[in-house]
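Asks: Hey, dropping protein-v2.cif in here, mmCIF, C-alpha atoms:
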```cif
data_entry
#
loop_
_atom_site.label_atom_id
_atom_site.label_comp_id
_atom_site.auth_asym_id
_atom_site.auth_seq_id
_atom_site.Cartn_x
_atom_site.Cartn_y
_atom_site.Cartn_z
CA MET A 1 109.13 128.13 140.13
CA GLU A 2 108.95 124.37 140.52
CA PRO A 3 112.01 122.27 139.64
CA MET A 4 111.81 120.41 136.33
CA GLN A 5 110.78 116.80 136.66
CA PRO A 6 113.35 114.36 135.27
CA GLU A 7 112.30 112.92 131.95
CA THR A 8 111.73 109.22 131.40
CA GLY A 9 115.03 107.36 131.05
CA HIS A 10 117.07 110.24 132.45
CA ASP A 11 118.97 107.97 134.87
CA GLU A 12 120.14 105.81 131.98
CA PHE A 13 121.54 108.87 130.19
CA LEU A 14 123.21 110.04 133.39
CA GLU A 15 124.93 106.66 133.64
CA LEU A 16 126.19 107.04 130.06
CA ALA A 17 127.88 110.38 130.78
CA PRO A 18 131.19 108.88 132.06
CA LEU A 19 131.42 106.58 129.04
CA TYR A 20 130.67 109.48 126.68
CA ALA A 21 133.32 111.67 128.33
CA ALA A 22 135.90 108.90 128.01
CA GLY A 23 135.02 108.30 124.35
CA ALA A 24 133.96 104.73 125.15
CA LEU A 25 130.46 104.76 123.61
CA ASP A 26 129.83 103.30 120.18
CA ALA A 27 128.53 105.62 117.45
CA ALA A 28 124.87 104.88 118.15
CA GLY A 29 125.25 105.36 121.91
CA ALA A 30 127.16 108.61 121.45
CA ALA A 31 124.54 109.93 119.01
CA GLY A 32 121.75 109.08 121.47
CA PHE A 33 123.53 110.84 124.31
CA GLU A 34 124.15 113.93 122.16
CA THR A 35 120.48 114.02 121.16
CA HIS A 36 119.56 113.87 124.85
CA LEU A 37 121.90 116.82 125.58
CA GLN A 38 120.42 118.82 122.70
CA GLY A 39 117.04 118.28 124.33
CA GLY A 40 118.23 120.65 127.07
CA CYS A 41 119.02 118.31 130.00
CA GLN A 42 120.95 120.60 132.36
CA ALA A 43 121.80 117.81 134.83
CA CYS A 44 123.52 115.67 132.20
CA ALA A 45 125.30 118.69 130.71
CA ALA A 46 126.68 119.65 134.15
CA GLU A 47 127.74 116.04 134.81
CA LEU A 48 129.49 115.89 131.45
CA ARG A 49 131.41 119.14 132.08
CA ALA A 50 132.68 117.82 135.41
CA LEU A 51 133.65 114.48 133.87
CA GLU A 52 135.46 116.11 130.96
CA GLU A 53 137.67 118.01 133.42
CA THR A 54 138.44 114.74 135.20
CA VAL A 55 139.24 112.95 131.95
CA ALA A 56 141.57 115.80 130.94
CA ASP A 57 143.38 115.47 134.28
CA LEU A 58 143.88 111.69 133.91
CA ALA A 59 146.88 112.19 131.65
CA PHE A 60 148.68 113.92 134.50
CA ALA A 61 147.64 111.44 137.23
CA LEU A 62 150.55 109.05 136.66
CA PRO A 63 154.16 109.87 137.49
CA PRO A 64 156.34 110.63 134.47
CA ARG A 65 158.28 107.70 133.02
CA GLU A 66 161.44 107.65 130.99
CA PRO A 67 160.91 106.09 127.57
CA ARG A 68 162.89 102.98 126.70
CA ALA A 69 166.34 103.50 125.23
CA GLY A 70 166.29 104.01 121.47
CA LEU A 71 162.58 104.82 121.29
CA ARG A 72 163.17 108.31 119.92
CA THR A 73 165.51 107.02 117.21
CA ARG A 74 163.12 104.22 116.20
CA LEU A 75 160.21 106.65 116.07
CA LEU A 76 162.09 109.17 113.93
CA ASP A 77 163.30 106.39 111.59
CA ARG A 78 159.74 105.15 111.21
CA ILE A 79 158.46 108.63 110.41
CA ALA A 80 161.21 109.14 107.81
CA ALA A 81 160.66 105.74 106.12
CA PRO A 82 158.59 105.65 102.93
CA ALA A 83 154.98 104.76 103.51
CA THR A 84 154.13 101.09 102.99
CA PRO A 85 150.82 100.59 101.23
CA VAL A 86 148.33 98.73 103.39
CA PRO A 87 146.85 95.79 101.49
CA ASN A 88 143.09 95.82 101.15
CA PRO A 89 141.79 92.38 102.10
CA LEU A 90 138.55 93.17 100.28
CA SER A 91 140.06 93.55 96.83
CA VAL A 92 142.85 92.31 94.57
CA LEU A 93 144.56 94.73 92.20
CA VAL A 94 146.44 93.40 89.17
CA ARG A 95 148.49 95.89 87.18
CA ALA A 96 148.99 95.27 83.46
CA SER A 97 152.75 95.39 83.99
CA GLN A 98 152.65 92.54 86.53
CA LEU A 99 151.65 89.73 84.17
CA GLU A 100 153.09 88.24 81.01
CA TRP A 101 151.35 86.17 78.37
CA ARG A 102 152.01 82.46 78.79
CA SER A 103 150.99 79.40 76.85
CA ALA A 104 147.56 77.93 77.56
CA GLY A 105 148.89 74.50 76.56
CA VAL A 106 147.48 74.82 73.05
CA PRO A 107 149.48 76.17 70.08
CA GLY A 108 148.46 79.74 69.28
CA VAL A 109 146.54 80.26 72.52
CA MET A 110 148.05 82.46 75.24
CA LEU A 111 146.68 83.58 78.58
CA LYS A 112 147.16 85.97 81.47
CA ARG A 113 145.65 84.56 84.66
CA LEU A 114 144.19 87.49 86.63
CA PHE A 115 142.60 85.82 89.66
CA VAL A 116 141.87 82.38 91.10
CA ASP A 117 139.16 81.91 93.72
CA LYS A 118 140.56 79.02 95.77
CA GLY A 119 137.17 78.40 97.40
CA THR A 120 135.19 77.88 94.19
CA GLY A 121 137.91 77.07 91.66
CA ASN A 122 136.76 79.96 89.44
CA VAL A 123 139.51 81.53 87.35
CA THR A 124 139.48 84.94 85.65
CA SER A 125 141.86 85.23 82.68
CA LEU A 126 142.60 87.15 79.55
CA LEU A 127 142.83 84.74 76.60
CA LYS A 128 144.48 85.56 73.28
CA VAL A 129 143.79 83.26 70.31
CA GLU A 130 145.87 83.61 67.14
CA PRO A 131 144.10 83.37 63.75
CA GLY A 132 143.39 79.72 62.93
CA ALA A 133 144.41 78.36 66.35
CA ILE A 134 142.08 75.66 67.70
CA TYR A 135 141.13 75.27 71.35
CA PRO A 136 139.79 71.76 72.09
CA ALA A 137 136.22 70.91 73.00
CA HIS A 138 135.62 71.10 76.73
CA ARG A 139 132.99 70.50 79.43
CA HIS A 140 132.28 73.23 82.01
CA ALA A 141 132.61 72.39 85.72
CA GLY A 142 130.97 75.73 86.57
CA LEU A 143 129.64 78.77 84.75
CA GLU A 144 131.83 79.95 81.89
CA HIS A 145 131.63 83.67 81.11
CA THR A 146 133.12 84.81 77.79
CA TYR A 147 133.37 88.48 76.81
CA VAL A 148 134.96 89.24 73.44
CA ILE A 149 137.17 92.29 73.87
CA ASP A 150 138.36 92.17 70.26
CA GLY A 151 138.02 89.85 67.26
CA ASP A 152 135.88 86.82 66.54
CA VAL A 153 135.27 83.46 68.24
CA ILE A 154 133.91 80.54 66.22
CA PHE A 155 132.17 77.49 67.73
CA ASN A 156 130.61 74.67 65.68
CA ASP A 157 127.10 76.14 66.01
CA HIS A 158 127.57 79.90 66.55
CA GLU A 159 130.00 82.83 66.49
CA LEU A 160 130.81 85.72 68.82
CA ASP A 161 132.20 89.09 67.70
CA THR A 162 133.73 92.11 69.43
CA GLY A 163 131.53 93.18 72.34
CA ASP A 164 129.55 89.92 72.49
CA TYR A 165 129.09 88.11 75.81
CA GLU A 166 128.09 84.53 76.47
CA VAL A 167 127.62 82.51 79.66
CA ALA A 168 127.61 78.72 79.42
CA MET A 169 125.99 76.76 82.24
CA ALA A 170 127.80 74.20 84.39
CA THR A 171 128.00 70.65 82.91
CA THR A 172 127.43 71.95 79.35
CA ALA A 173 130.10 71.46 76.71
CA HIS A 174 131.62 73.70 74.06
CA SER A 175 132.79 72.40 70.71
CA THR A 176 136.28 73.19 69.51
CA VAL A 177 136.90 76.95 69.37
CA THR A 178 138.80 78.87 66.73
CA SER A 179 139.11 82.39 65.33
CA ARG A 180 139.40 83.70 61.77
CA GLU A 181 141.16 86.96 62.62
CA GLY A 182 142.35 86.24 66.15
CA CYS A 183 140.69 87.44 69.33
CA LEU A 184 141.18 88.72 72.86
CA LEU A 185 138.74 87.43 75.47
CA LEU A 186 137.93 88.02 79.11
CA LEU A 187 137.17 84.53 80.37
CA ILE A 188 135.82 83.38 83.72
CA HIS A 189 135.74 79.60 84.02
CA ASN A 190 136.42 76.83 86.52
CA GLU A 191 139.83 75.21 86.89
CA ARG A 192 138.10 71.81 87.03
CA ASP A 193 136.83 72.18 83.43
CA GLU A 194 137.42 68.98 81.44
CA ILE A 195 139.12 68.91 78.03
CA LEU A 196 137.29 66.54 75.65
CA PHE A 197 139.67 64.93 73.17
#
```
Would you encode the structure as structure tokens?

Replies:
Amino acid sequence: MEPMQPETGHDEFLELAPLYAAGALDAAGAAGFETHLQGGCQACAAELRALEETVADLAFALPPREPRAGLRTRLLDRIAAPATPVPNPLSVLVRASQLEWRSAGVPGVMLKRLFVDKGTGNVTSLLKVEPGAIYPAHRHAGLEHTYVIDGDVIFNDHELDTGDYEVAMATTAHSTVTSREGCLLLLIHNERDEILF
């Protein structure tokens, strides 16, 4: 029986074997090497077995060292300590209990500021308008999104009711705003909006 001829690219896979054994390949490289092994390459499989034994022996290649004083105590204290939540830099979580209503600078209008995007100046807030309160006319520095969670919102030329949504374009202006029965809004606007007196 003639020996099997090495397949194309075999040498490259053979060179990857030490990295695979040491766990140093990225996910794509490891998947490619595993696919190659599943193809039945006996040479790479034998090389990998030998390397895995060597990698397992590496832990015993260095002389034992005494840990630094207090390491055991610090480790046990750390294990016993309550877990600290790791903040997620990709999201911001605001609990209802964290915020209180504060004045929006207009009698009868209160807000809870949920988030401010420092890069764009966009602000997300909950806005509560008491019946009959009047918010002054204003010009939008950016898009203004208004979603009516509950109640009614009255502008000079139109009204919004519970469940209605409106987006006003940048540089447009809204008339004064009031409410017959009071309302609760989710509002996304820009902190550079201009009040028009």

Asks: Mind pulling up the distance from CA of Leu196 (chain A) to CA of Tyr147 (chain A)?

Replies: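 Separation of CA of Tyr147 (chain A) and CA of Leu196 (chain A): 22.3 Å.
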
Asks: Pick out the closest residue to Gly121 (chain A) from this set: A:Ala96, A:Leu185, A:Ala141, A:Ala46. Count all atoms listed in the file.

Replies: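 Of A:Ala96, A:Leu185, A:Ala141, A:Ala46, the one nearest Gly121 (chain A) is A:Ala141, counting all atoms listed in the file.
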
Asks: Would you list the contacts of Pro136 (chain A) as an NGL selection string, taking every protein, DNA or RNA residue within 8 Å and counting only C-alpha atoms, but skipping same-chain residues closer than 4 positions in sequence?

Replies: :A and (175-177 or 195-197)

Asks: Ala30 (chain A): which residues within 12 Å, counting only C-alpha atoms, same-chain residues fewer than 2 positions away excluded, as a ChimeraX atom specification?

Replies: /A:13,16-28,32-37

Asks: For the structure provided, state which residues fall under the PyMOL selection byres ((chain A and resi 171) around 7), and present them as a list in words.

Replies: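 On the file shown, the PyMOL selection byres ((chain A and resi 171) around 7) covers Arg139, His140, Ala141, Gly142, Met169, Ala170, Thr172 and Ala173 of chain A.
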